[in-house]
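Each remark here refers to the structure printed beneath this line.
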Amino acid sequence: MDLQELFIQNWKEKFPAIPLAHCRLIVAVSGGVDSMVLLDLLCKSGAAVTVAHCNFQLRGAESNRDEYFVRSMENDYDIPVLVKKFDTANYAATQKKGIQEAARDLRYAWFAELLAGSEYPSFLLTAHQADDNIETLLIHFFRGTGIQGLTGIPEADFNNRILRPLLFAKREEVLEYAMQQGISWVEDASNASVKYTRNHVRHHLLPQAKELFSGAEDNLLNNIERFKEVEILYNQSVSLHKQKMLEQKGTEWQVAVLKWKKAIPLQTLTWEIIRPFSFSSAQVTEVIKLLDAANGSFIRSSTHRIIKNRNWMIIAPVLSEQAQHIIIEATDKKIAFENGTLSFEMLPAMHAAIDSSNMVALMDASRLEYPLLLRKCKQGDYFYPLGMKKKKKLSKFFIDQKLSRTQKEKVWVLESNKRIAWITGLRIDDRFKITAATRNAVRIQLEPQL
């Protein structure tokens, strides 16, 4: 069976719901042999194809040569060709990214625009083949990866409408087809440079592995298929554990500290719990240490914080307007949350004028232990109302204040080392009041959400 027949057979097996002749296919064509063979196979299969070529303007005349070559496919195959030029070097500098990462960002952002602009079902096709898959597996393995990284390049990303229909074919099969069919292509001189990790793997590591193990390539490809099956079982097990451990509360997730500490295997489950919240694998050890840390301790990612709050670990959004548990540092001046904004001011006690407004809390700075925790009130909460020496449950205090059920649900409290310092907008705790011995005060003002 020749490559054309194998291509159609593989398409029907991998993408049975996507008939070649009834959707718009955008093909990423660099001009290299892989993308040129993919283009030829698609056109000979009767598919409706549009070519998309990126000129990253990184290789001078060679970049322009590639663009002109790909543009010529418009006449050779009688198909539309789209070209996008990028100032990649400038983008990489302004975004502080490596050239390869910058090029990838620009490329896939443009591809997404093309797909979004389609009037009928469309997919982007890339020309990754089996050797690319092997190289990706090895790069992931040596850099460090979980099970997902050992499954190589996925044949389909249906969320982003990306298909990779050439993954079944090895590089030598692609080259043989190109020569048999008289297909022209251009060579990227940078492909020979071993300063890039992938090229080093391609030109040095893999050839040495093949010298030691004659079936190295086939063994690695078979391993990828086995790892895909292992991943299915792994994900099922992780999902069951997470269902037992995680509790969703609005925009936050909570895990009982004791449950988390008893989780087996601890490292793996910790990673799977924190991974969806933008934490890195390098933070797993820090999160495990957080299980035994002091109340109010936390660790953050770009989007979330994990907060140790008594017997619970709380995963909360960094954006305070979305969070139900907000960490407040001594240096914070303003904190926005669901009910409005809290403004903090440190001042000498002699200048701290008593304010009768419930929207202002005046407290002894020495009695506040940072970080403070701003959170919604919960069942069992109690405090010592200003002027009283006995504690009172918030539920009884709310009855005294004649709060409606809806009003109770909207109450937030400010907590200092497990002690409620202020029921925001209502009353402070007597233990934090200004006294004759107070030297410095903290003035906190609540500006309600309009």
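Going through the structure tokens in order, the chains are called A, B, and so on, while each chain numbers its residues from 1 and the ligands are numbered from 1 in the order shown.
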If we count only C-alpha atoms, what is near stretch 387-401 of chain A at a cut-off of 9 Å, once residues fewer than 4 positions away on the same chain are taken out, given as a PDB file with all heavy atoms, in the first residue's frame?
```pdb
ATOM      1  N   CYS A 377     -18.151  34.779  56.057  1.00  0.00           N
ATOM      2  CA  CYS A 377     -18.403  34.131  57.345  1.00  0.00           C
ATOM      3  C   CYS A 377     -18.934  32.729  57.106  1.00  0.00           C
ATOM      4  O   CYS A 377     -19.485  32.421  56.038  1.00  0.00           O
ATOM      5  CB  CYS A 377     -19.397  34.944  58.169  1.00  0.00           C
ATOM      6  SG  CYS A 377     -21.041  35.044  57.442  1.00  0.00           S
ATOM      7  N   LYS A 378     -18.724  31.858  58.090  1.00  0.00           N
ATOM      8  CA  LYS A 378     -19.196  30.480  57.958  1.00  0.00           C
ATOM      9  C   LYS A 378     -19.795  30.008  59.278  1.00  0.00           C
ATOM     10  O   LYS A 378     -19.608  30.638  60.334  1.00  0.00           O
ATOM     11  CB  LYS A 378     -18.057  29.570  57.526  1.00  0.00           C
ATOM     12  CG  LYS A 378     -16.860  29.505  58.464  1.00  0.00           C
ATOM     13  CD  LYS A 378     -15.822  28.534  57.907  1.00  0.00           C
ATOM     14  CE  LYS A 378     -14.655  28.341  58.873  1.00  0.00           C
ATOM     15  NZ  LYS A 378     -13.780  29.509  58.950  1.00  0.00           N
ATOM     16  N   GLN A 379     -20.489  28.891  59.207  1.00  0.00           N
ATOM     17  CA  GLN A 379     -21.158  28.345  60.380  1.00  0.00           C
ATOM     18  C   GLN A 379     -20.133  28.055  61.490  1.00  0.00           C
ATOM     19  O   GLN A 379     -19.066  27.514  61.225  1.00  0.00           O
ATOM     20  CB  GLN A 379     -21.893  27.059  59.995  1.00  0.00           C
ATOM     21  CG  GLN A 379     -22.783  26.518  61.105  1.00  0.00           C
ATOM     22  CD  GLN A 379     -23.601  25.324  60.643  1.00  0.00           C
ATOM     23  OE1 GLN A 379     -23.482  24.889  59.512  1.00  0.00           O
ATOM     24  NE2 GLN A 379     -24.429  24.795  61.522  1.00  0.00           N
ATOM     25  N   GLY A 380     -20.471  28.428  62.702  1.00  0.00           N
ATOM     26  CA  GLY A 380     -19.581  28.184  63.839  1.00  0.00           C
ATOM     27  C   GLY A 380     -18.692  29.358  64.171  1.00  0.00           C
ATOM     28  O   GLY A 380     -18.027  29.362  65.213  1.00  0.00           O
ATOM     29  N   ASP A 381     -18.639  30.369  63.308  1.00  0.00           N
ATOM     30  CA  ASP A 381     -17.822  31.556  63.581  1.00  0.00           C
ATOM     31  C   ASP A 381     -18.309  32.272  64.846  1.00  0.00           C
ATOM     32  O   ASP A 381     -19.517  32.344  65.105  1.00  0.00           O
ATOM     33  CB  ASP A 381     -17.910  32.549  62.413  1.00  0.00           C
ATOM     34  CG  ASP A 381     -16.903  32.235  61.307  1.00  0.00           C
ATOM     35  OD1 ASP A 381     -15.944  31.488  61.579  1.00  0.00           O
ATOM     36  OD2 ASP A 381     -17.079  32.741  60.195  1.00  0.00           O
ATOM     37  N   TYR A 382     -17.351  32.797  65.597  1.00  0.00           N
ATOM     38  CA  TYR A 382     -17.706  33.594  66.770  1.00  0.00           C
ATOM     39  C   TYR A 382     -16.690  34.731  66.925  1.00  0.00           C
ATOM     40  O   TYR A 382     -15.605  34.711  66.347  1.00  0.00           O
ATOM     41  CB  TYR A 382     -17.742  32.735  68.035  1.00  0.00           C
ATOM     42  CG  TYR A 382     -16.391  32.204  68.459  1.00  0.00           C
ATOM     43  CD1 TYR A 382     -15.549  32.949  69.298  1.00  0.00           C
ATOM     44  CD2 TYR A 382     -15.943  30.966  68.003  1.00  0.00           C
ATOM     45  CE1 TYR A 382     -14.306  32.480  69.677  1.00  0.00           C
ATOM     46  CE2 TYR A 382     -14.690  30.480  68.369  1.00  0.00           C
ATOM     47  CZ  TYR A 382     -13.878  31.236  69.210  1.00  0.00           C
ATOM     48  OH  TYR A 382     -12.642  30.774  69.567  1.00  0.00           O
ATOM     49  N   PHE A 383     -17.030  35.725  67.734  1.00  0.00           N
ATOM     50  CA  PHE A 383     -16.104  36.821  68.033  1.00  0.00           C
ATOM     51  C   PHE A 383     -16.514  37.440  69.360  1.00  0.00           C
ATOM     52  O   PHE A 383     -17.507  37.030  69.984  1.00  0.00           O
ATOM     53  CB  PHE A 383     -16.067  37.841  66.899  1.00  0.00           C
ATOM     54  CG  PHE A 383     -17.194  38.855  66.891  1.00  0.00           C
ATOM     55  CD1 PHE A 383     -16.923  40.206  66.761  1.00  0.00           C
ATOM     56  CD2 PHE A 383     -18.542  38.461  66.982  1.00  0.00           C
ATOM     57  CE1 PHE A 383     -17.953  41.141  66.739  1.00  0.00           C
ATOM     58  CE2 PHE A 383     -19.555  39.386  66.954  1.00  0.00           C
ATOM     59  CZ  PHE A 383     -19.258  40.733  66.830  1.00  0.00           C
ATOM     60  N   LYS A 408     -27.120  38.146  55.600  1.00  0.00           N
ATOM     61  CA  LYS A 408     -26.173  37.265  56.287  1.00  0.00           C
ATOM     62  C   LYS A 408     -25.214  36.608  55.302  1.00  0.00           C
ATOM     63  O   LYS A 408     -24.019  36.462  55.569  1.00  0.00           O
ATOM     64  CB  LYS A 408     -26.931  36.180  57.058  1.00  0.00           C
ATOM     65  CG  LYS A 408     -27.748  36.673  58.231  1.00  0.00           C
ATOM     66  CD  LYS A 408     -28.551  35.521  58.831  1.00  0.00           C
ATOM     67  CE  LYS A 408     -29.527  36.010  59.878  1.00  0.00           C
ATOM     68  NZ  LYS A 408     -30.375  34.904  60.398  1.00  0.00           N
ATOM     69  N   ILE A 423     -16.080  42.197  61.732  1.00  0.00           N
ATOM     70  CA  ILE A 423     -17.174  41.801  60.851  1.00  0.00           C
ATOM     71  C   ILE A 423     -17.409  43.023  59.984  1.00  0.00           C
ATOM     72  O   ILE A 423     -17.962  44.026  60.449  1.00  0.00           O
ATOM     73  CB  ILE A 423     -18.446  41.424  61.635  1.00  0.00           C
ATOM     74  CG1 ILE A 423     -18.131  40.308  62.625  1.00  0.00           C
ATOM     75  CG2 ILE A 423     -19.545  40.979  60.676  1.00  0.00           C
ATOM     76  CD1 ILE A 423     -19.291  39.974  63.538  1.00  0.00           C
ATOM     77  N   LEU A 426     -19.906  46.063  60.185  1.00  0.00           N
ATOM     78  CA  LEU A 426     -20.803  45.873  61.326  1.00  0.00           C
ATOM     79  C   LEU A 426     -20.117  46.173  62.656  1.00  0.00           C
ATOM     80  O   LEU A 426     -20.500  47.102  63.361  1.00  0.00           O
ATOM     81  CB  LEU A 426     -21.364  44.440  61.331  1.00  0.00           C
ATOM     82  CG  LEU A 426     -22.344  44.119  60.185  1.00  0.00           C
ATOM     83  CD1 LEU A 426     -22.661  42.644  60.146  1.00  0.00           C
ATOM     84  CD2 LEU A 426     -23.628  44.934  60.350  1.00  0.00           C
ATOM     85  N   ASP A 429     -13.900  43.335  66.791  1.00  0.00           N
ATOM     86  CA  ASP A 429     -13.745  42.466  67.961  1.00  0.00           C
ATOM     87  C   ASP A 429     -13.088  43.260  69.087  1.00  0.00           C
ATOM     88  O   ASP A 429     -12.148  44.031  68.864  1.00  0.00           O
ATOM     89  CB  ASP A 429     -12.874  41.267  67.572  1.00  0.00           C
ATOM     90  CG  ASP A 429     -12.781  40.216  68.664  1.00  0.00           C
ATOM     91  OD1 ASP A 429     -12.159  40.512  69.711  1.00  0.00           O
ATOM     92  OD2 ASP A 429     -13.289  39.106  68.470  1.00  0.00           O
ATOM     93  N   ASP A 430     -13.565  43.056  70.318  1.00  0.00           N
ATOM     94  CA  ASP A 430     -13.074  43.806  71.476  1.00  0.00           C
ATOM     95  C   ASP A 430     -11.581  43.599  71.715  1.00  0.00           C
ATOM     96  O   ASP A 430     -10.900  44.480  72.234  1.00  0.00           O
ATOM     97  CB  ASP A 430     -13.857  43.375  72.723  1.00  0.00           C
ATOM     98  CG  ASP A 430     -13.619  44.318  73.887  1.00  0.00           C
ATOM     99  OD1 ASP A 430     -14.185  45.430  73.868  1.00  0.00           O
ATOM    100  OD2 ASP A 430     -12.838  43.943  74.792  1.00  0.00           O
ATOM    101  N   ARG A 431     -11.044  42.433  71.296  1.00  0.00           N
ATOM    102  CA  ARG A 431      -9.634  42.117  71.531  1.00  0.00           C
ATOM    103  C   ARG A 431      -8.688  42.975  70.691  1.00  0.00           C
ATOM    104  O   ARG A 431      -7.484  42.995  70.936  1.00  0.00           O
ATOM    105  CB  ARG A 431      -9.381  40.631  71.253  1.00  0.00           C
ATOM    106  CG  ARG A 431     -10.089  39.688  72.220  1.00  0.00           C
ATOM    107  CD  ARG A 431     -10.052  38.253  71.736  1.00  0.00           C
ATOM    108  NE  ARG A 431     -10.837  38.063  70.531  1.00  0.00           N
ATOM    109  CZ  ARG A 431     -10.982  36.877  69.914  1.00  0.00           C
ATOM    110  NH1 ARG A 431     -10.386  35.799  70.404  1.00  0.00           N
ATOM    111  NH2 ARG A 431     -11.714  36.776  68.821  1.00  0.00           N
TER     112      ARG A 431
END
```
Where in stretch 224-430 of chain A does DSSP assign alpha helix (DSSP H), given as a PyMOL selection string? chain A and resi 224-245+257-262+266-274+284-290+394-400+405-409
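Distances to A:Val360 were evaluated for A:Val174, A:Ile444, A:Ile232, A:Val201 using only C-alpha atoms, and the minimum falls at A:Ile444.
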When you count only C-alpha atoms, which of these residues is closest to A:Gln248: A:Ala17, A:Met313, A:Ala263, A:Leu212?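 Using only C-alpha atoms, the shortest distance to A:Gln248 belongs to A:Met313.
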Please list as a ChimeraX atom specification every residue within 6 Å of A:Leu368, counting only C-alpha atoms and excluding residues in the same chain fewer than 2 positions away. /A:365-366,416
Quick one: residues within 9 Å of A:Tyr77, only C-alpha atoms counted, chain neighbours fewer than 3 positions away excluded, as number ranges by chain? A: 40, 43, 72-74, 80
Export of the given selection (N, CA and C atoms) as a compact mmCIF listing (two decimals), in the first residue's frame:
```txt
# COMPACT_ATOMS: atom_id res chain seq x y z
N ASP A 40 0.26 17.78 -1.05
CA ASP A 40 0.05 16.95 -2.23
C ASP A 40 -0.95 15.82 -1.93
N CYS A 43 -4.54 17.32 -1.70
CA CYS A 43 -5.08 17.72 -3.01
C CYS A 43 -5.46 16.51 -3.85
N SER A 72 3.83 30.08 -5.04
CA SER A 72 3.72 29.44 -6.36
C SER A 72 2.76 28.26 -6.35
N MET A 73 2.42 27.74 -5.15
CA MET A 73 1.48 26.62 -5.07
C MET A 73 0.08 27.02 -5.51
N GLU A 74 -0.18 28.34 -5.49
CA GLU A 74 -1.50 28.83 -5.91
C GLU A 74 -1.78 28.41 -7.34
N PRO A 80 -6.08 28.56 -3.03
CA PRO A 80 -5.72 29.85 -2.42
C PRO A 80 -4.54 29.71 -1.46
```
Have a look at A:Ser343, A:Gln254, A:Ser122, A:Gln9 and name the one nearest to A:Ala21; count only C-alpha atoms. A:Ser122
Would you pick out the contacts of stretch 46-48 of chain A at 7 Å or less, using only C-alpha atoms, so that residues sharing its chain but fewer than 5 positions from it are not included, and give the list as a PyMOL selection string? chain A and resi 20-21+24-25
Do you know which residues are at most 10 Å from A:Ala112 counting only C-alpha atoms, after dropping those on the same chain fewer than 2 positions away, and could you put them as a PyMOL selection string? chain A and resi 107-110+114-117+123-124+160-162
Selection near A:Leu39, 9 Å with only C-alpha atoms, sequence-local residues under 4 positions removed, as an MDAnalysis selection string: chainID A and resid 27:29 34:35 43:44 49 51 127
Given the selection you just returned, output its residues as a file containing N, CA, C and O atoms, formatted as a short mmCIF file (atom, residue, chain, number, x, y, z; two decimals), in the first residue's frame.
```cif
data_model
loop_
_atom_site.label_atom_id
_atom_site.label_comp_id
_atom_site.auth_asym_id
_atom_site.auth_seq_id
_atom_site.Cartn_x
_atom_site.Cartn_y
_atom_site.Cartn_z
N VAL A 27 -4.06 24.36 5.57
CA VAL A 27 -2.83 23.60 5.74
C VAL A 27 -1.67 24.55 6.02
O VAL A 27 -1.41 25.48 5.24
N ALA A 28 -0.99 24.34 7.13
CA ALA A 28 0.20 25.13 7.46
C ALA A 28 1.36 24.61 6.60
O ALA A 28 1.81 23.47 6.79
N VAL A 29 1.80 25.43 5.67
CA VAL A 29 2.84 25.00 4.73
C VAL A 29 4.06 25.91 4.88
O VAL A 29 4.00 27.11 4.63
N ASP A 34 7.95 17.92 4.48
CA ASP A 34 6.79 17.36 5.18
C ASP A 34 5.50 18.07 4.79
O ASP A 34 4.49 17.44 4.46
N SER A 35 5.50 19.41 4.84
CA SER A 35 4.28 20.16 4.53
C SER A 35 3.93 20.08 3.05
O SER A 35 2.75 20.07 2.70
N CYS A 43 -4.54 17.32 -1.70
CA CYS A 43 -5.08 17.72 -3.01
C CYS A 43 -5.46 16.51 -3.85
O CYS A 43 -6.50 16.50 -4.53
N LYS A 44 -4.65 15.46 -3.79
CA LYS A 44 -4.95 14.24 -4.55
C LYS A 44 -6.08 13.43 -3.92
O LYS A 44 -6.62 12.52 -4.55
N VAL A 49 -8.73 22.79 -0.02
CA VAL A 49 -7.56 23.19 0.77
C VAL A 49 -7.24 24.67 0.59
O VAL A 49 -7.33 25.21 -0.52
N VAL A 51 -3.91 27.15 1.72
CA VAL A 51 -2.55 27.13 2.29
C VAL A 51 -2.35 28.37 3.17
O VAL A 51 -2.75 29.48 2.79
N ALA A 127 1.96 19.38 9.49
CA ALA A 127 2.62 18.24 8.84
C ALA A 127 3.56 17.48 9.77
O ALA A 127 4.58 16.94 9.32
#
```
Figure out the distance between atom CA of A:Leu269 and atom CA of A:Ile306, please, to one decimal in Å.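 Taking atom CA of A:Ile306 as the start and atom CA of A:Leu269 as the end point, the length is 15.1 Å.
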Measuring atom to atom with only C-alpha atoms, identify which of A:Leu82, A:Ile139, A:Glu329, A:Ile147 is nearest to A:Phe227.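 For A:Phe227, the nearest of the candidates is A:Ile147.
Distance annotation: of A:Leu240, A:Ala189, A:Val413, A:Leu362, the residue with the minimal separation from A:Asn440 is A:Leu362; atom set is only C-alpha atoms.
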As a check of understanding: the span from atom CA of A:Leu374 to atom CA of A:Leu266 is 29.4 Å
